[in-house]
Amino acid sequence: MSNRIELTEIILPDRKPLRAIQESETLIEGAEPQKFYYLTGLFLEGEVKNQNGRVYPRDEISKAVNKITHEIEKRGPIPGELDHPAGMTLNFDRLAVAIVSMEMEGNNGIGKMRVVPEGLGKIVEGAIKAGIHVGVSSRGTGNVDAQGNVRDFDIVTVDAVLNPSAPNAFPAASLAESVMQYQHAMEAMTLAEYAKYDPRAQHHLENTLRTLFTEMRDDVLWRE
């Protein structure tokens, strides 16, 4: 017997690294071109048993890719958040990335997301600049049978997540849990919220992020 449940599936860069690129675009008529960071690579994986013991058949991945593509054509980029929150709601105040395209490649969904250059997107952007790998986590609902096969998968979005230092830390370790171990993490998260409404906080956010990502980088090098 199958039951419809919330499904979040993390794809970490240890195994399937995303490619970080920078492109200039004009998204607002009359505005000057702006540089954006993008993450491209594997967003949805089919026909293999994942770390949660679930298998997404190719046709379910294909339907999800078609839904994402249709939504982008109809409404524009699909918002994604920093880490994956509880529930399927998209929260405007947690916006960090935006899915701009997705297509099938074999059994998988290959996507491209733009990093939002403000608010919580600054943390993702800072991670890219510091050479810290970022992963993705799909979010949706579906039915799962006793063998772990997923049916009726209804995708909501794909969020940005951090690669935990310990190889066996997923999926329990979330971005918030992983980042909060560092001294300047809470200050950075607070300033990222303030910077959305108060431009004066922007300078302090940038300085704090530099310090935070130096801490994270040094911790990764020490672990290696």
# chains A, B, ... in the order shown; residues from 1 in each chain; ligands from 1
call {"tool": "residues_around", "arguments": {"residues": "A:Leu209", "least_positions_apart": "4", "cutoff": "9 Å", "atoms": "only C-alpha atoms", "output": "list in words"}}
result
Lys122, Ile123, Gly126, Ala127, His184, Ala185, Ala188, His204, Leu205, Phe213 and Thr214 of chain A
call {"tool": "residues_around", "arguments": {"residues": "A:Tyr37", "least_positions_apart": "4", "cutoff": "9 Å", "atoms": "only C-alpha atoms", "output": "list in words"}}
result
Ala20, Ile21, Gln22, Glu23, Ser24, Met113, Arg114, Val115, Val116, Pro117, Glu125 and Ile128 of chain A
call {"tool": "write_last_selection", "arguments": {"atoms": "C-alpha atoms", "output": "compact mmCIF listing (two decimals), in the first residue's frame"}}
result
# COMPACT_ATOMS: atom_id res chain seq x y z
CA ALA A 20 29.35 27.40 -10.83
CA ILE A 21 29.41 30.00 -13.62
CA GLN A 22 28.93 33.75 -13.92
CA GLU A 23 26.97 35.44 -16.69
CA SER A 24 25.86 39.00 -17.46
CA MET A 113 19.58 28.06 -11.11
CA ARG A 114 20.41 31.74 -10.74
CA VAL A 115 21.75 32.86 -7.36
CA VAL A 116 19.74 35.79 -6.02
CA PRO A 117 22.31 38.53 -5.30
CA GLU A 125 27.06 33.64 -3.48
CA ILE A 128 30.69 30.04 -4.34
call {"tool": "atom_distance", "arguments": {"atom1": "atom CA of A:Ala146", "atom2": "atom CA of A:Arg58"}}
result
18.7 Å
call {"tool": "residues_around", "arguments": {"residues": "A:Ser138", "least_positions_apart": "6", "cutoff": "8 Å", "atoms": "only C-alpha atoms", "output": "mmCIF file with N, CA and C atoms, in the first residue's frame"}}
result
data_model
loop_
_atom_site.group_PDB
_atom_site.id
_atom_site.type_symbol
_atom_site.label_atom_id
_atom_site.label_comp_id
_atom_site.auth_asym_id
_atom_site.auth_seq_id
_atom_site.Cartn_x
_atom_site.Cartn_y
_atom_site.Cartn_z
ATOM 1 N N LEU A 7 8.378 14.754 0.145
ATOM 2 C CA LEU A 7 9.631 14.160 -0.311
ATOM 3 C C LEU A 7 10.682 15.241 -0.504
ATOM 4 N N THR A 8 11.801 15.110 0.197
ATOM 5 C CA THR A 8 12.959 15.974 -0.044
ATOM 6 C C THR A 8 14.152 15.072 -0.313
ATOM 7 N N GLU A 9 14.847 15.337 -1.418
ATOM 8 C CA GLU A 9 15.975 14.496 -1.825
ATOM 9 C C GLU A 9 17.200 15.364 -2.061
ATOM 10 N N ILE A 10 18.250 15.150 -1.291
ATOM 11 C CA ILE A 10 19.472 15.945 -1.393
ATOM 12 C C ILE A 10 20.451 15.298 -2.361
ATOM 13 N N PHE A 43 19.909 17.957 -10.861
ATOM 14 C CA PHE A 43 18.913 18.412 -9.887
ATOM 15 C C PHE A 43 17.981 17.277 -9.468
ATOM 16 N N LEU A 44 17.678 16.361 -10.391
ATOM 17 C CA LEU A 44 16.764 15.254 -10.124
ATOM 18 C C LEU A 44 17.376 13.978 -10.679
ATOM 19 N N ILE A 155 6.566 17.846 -7.985
ATOM 20 C CA ILE A 155 7.676 18.674 -7.536
ATOM 21 C C ILE A 155 7.203 20.091 -7.238
ATOM 22 N N VAL A 156 7.791 20.697 -6.195
ATOM 23 C CA VAL A 156 7.501 22.083 -5.832
ATOM 24 C C VAL A 156 8.646 22.989 -6.262
ATOM 25 N N THR A 157 9.870 22.648 -5.862
ATOM 26 C CA THR A 157 11.032 23.457 -6.227
ATOM 27 C C THR A 157 12.307 22.679 -5.938
ATOM 28 N N VAL A 158 13.437 23.329 -6.178
ATOM 29 C CA VAL A 158 14.751 22.799 -5.820
ATOM 30 C C VAL A 158 15.457 23.883 -5.013
ATOM 31 N N ASP A 159 15.903 23.536 -3.806
ATOM 32 C CA ASP A 159 16.550 24.485 -2.903
ATOM 33 C C ASP A 159 18.068 24.303 -2.918
#
call {"tool": "closest_residue", "arguments": {"among": "A:Arg54, A:Arg200, A:Arg139, A:His70", "to": "A:Pro85", "atoms": "only C-alpha atoms"}}
result
A:Arg139
call {"tool": "closest_residue", "arguments": {"among": "A:Leu39, A:Ile5, A:Ala192, A:Leu212", "to": "A:Met88", "atoms": "only C-alpha atoms"}}
result
A:Ile5
call {"tool": "closest_residue", "arguments": {"among": "A:Ala201, A:Ile61, A:Met216, A:Ala31", "to": "A:Glu45", "atoms": "only C-alpha atoms"}}
result
A:Ile61
call {"tool": "residues_around", "arguments": {"residues": "A:Gly80", "least_positions_apart": "4", "cutoff": "8 Å", "atoms": "only C-alpha atoms", "output": "list of chain:residue names"}}
result
A:Leu90, A:Leu95, A:Ala96, A:Val97, A:Ala98, A:Ile99, A:Thr157, A:Val158, A:Asp159, A:Ala160
call {"tool": "write_last_selection", "arguments": {"atoms": "C-alpha atoms", "output": "compact mmCIF listing (two decimals), in the first residue's frame"}}
result
# COMPACT_ATOMS: atom_id res chain seq x y z
CA LEU A 90 7.60 28.80 -0.80
CA LEU A 95 14.47 33.31 -1.31
CA ALA A 96 18.05 32.46 -2.32
CA VAL A 97 18.01 30.95 -5.84
CA ALA A 98 15.77 30.84 -8.90
CA ILE A 99 15.48 27.87 -11.30
CA THR A 157 11.03 23.46 -6.23
CA VAL A 158 14.75 22.80 -5.82
CA ASP A 159 16.55 24.49 -2.90
CA ALA A 160 20.24 25.23 -2.29
call {"tool": "residues_around", "arguments": {"residues": "A:Gly53", "least_positions_apart": "3", "cutoff": "10 Å", "atoms": "only C-alpha atoms", "output": "NGL selection string"}}
result
:A and (48-50 or 147-149)
call {"tool": "select_by_dssp", "arguments": {"residues": "chain A", "states": "alpha helix (DSSP H)", "output": "MDAnalysis selection string"}}
result
chainID A and resid 58:75 121:129 175:179 185:195 201:223
call {"tool": "write_last_selection", "arguments": {"atoms": "C-alpha atoms", "output": "tab-separated table (two decimals), in the first residue's frame"}}
result
chain	number	residue	atom	x	y	z
A	58	ARG	CA	12.44	7.89	-15.32
A	59	ASP	CA	8.84	8.75	-16.20
A	60	GLU	CA	8.38	10.47	-12.81
A	61	ILE	CA	11.54	12.52	-13.33
A	62	SER	CA	10.38	13.40	-16.85
A	63	LYS	CA	6.99	14.60	-15.57
A	64	ALA	CA	8.71	16.73	-12.94
A	65	VAL	CA	11.05	18.27	-15.54
A	66	ASN	CA	8.07	19.00	-17.81
A	67	LYS	CA	6.20	20.66	-14.94
A	68	ILE	CA	9.19	22.84	-14.05
A	69	THR	CA	9.71	23.81	-17.69
A	70	HIS	CA	6.02	24.67	-18.13
A	71	GLU	CA	5.98	26.79	-14.97
A	72	ILE	CA	9.09	28.69	-16.09
A	73	GLU	CA	7.59	29.36	-19.52
A	74	LYS	CA	4.34	30.51	-17.93
A	75	ARG	CA	5.50	32.46	-14.87
A	121	GLY	CA	21.25	34.51	-1.69
A	122	LYS	CA	24.32	36.41	-0.49
A	123	ILE	CA	25.24	33.38	1.60
A	124	VAL	CA	25.09	31.09	-1.44
A	125	GLU	CA	27.06	33.64	-3.48
A	126	GLY	CA	29.64	33.92	-0.70
A	127	ALA	CA	30.03	30.14	-0.59
A	128	ILE	CA	30.69	30.04	-4.34
A	129	LYS	CA	33.30	32.82	-4.09
A	175	LEU	CA	22.46	23.99	5.90
A	176	ALA	CA	21.37	25.85	9.03
A	177	GLU	CA	22.70	23.11	11.31
A	178	SER	CA	25.99	22.92	9.43
A	179	VAL	CA	26.59	26.66	9.27
A	185	ALA	CA	27.04	32.32	11.43
A	186	MET	CA	24.21	33.83	13.46
A	187	GLU	CA	25.49	37.36	12.81
A	188	ALA	CA	25.58	36.67	9.05
A	189	MET	CA	22.04	35.22	9.02
A	190	THR	CA	20.71	38.21	10.97
A	191	LEU	CA	22.46	40.76	8.75
A	192	ALA	CA	21.21	38.98	5.62
A	193	GLU	CA	17.65	39.56	6.85
A	194	TYR	CA	18.32	43.23	7.70
A	195	ALA	CA	20.05	43.89	4.37
A	201	ALA	CA	23.47	46.66	6.65
A	202	GLN	CA	24.94	45.57	3.33
A	203	HIS	CA	28.52	46.60	4.11
A	204	HIS	CA	28.45	44.84	7.48
A	205	LEU	CA	26.97	41.73	5.85
A	206	GLU	CA	29.78	41.54	3.29
A	207	ASN	CA	32.47	41.84	5.99
A	208	THR	CA	30.79	39.22	8.19
A	209	LEU	CA	30.38	36.83	5.25
A	210	ARG	CA	34.06	37.12	4.40
A	211	THR	CA	34.94	36.22	7.99
A	212	LEU	CA	32.40	33.37	8.08
A	213	PHE	CA	33.58	31.76	4.86
A	214	THR	CA	37.21	32.06	5.96
A	215	GLU	CA	36.24	30.09	9.08
A	216	MET	CA	34.45	27.49	6.95
A	217	ARG	CA	37.30	27.22	4.46
A	218	ASP	CA	39.89	26.78	7.22
A	219	ASP	CA	37.71	24.12	8.87
A	220	VAL	CA	37.42	22.15	5.60
A	221	LEU	CA	41.20	22.34	5.04
A	222	TRP	CA	41.81	21.19	8.61
A	223	ARG	CA	39.46	18.22	8.19
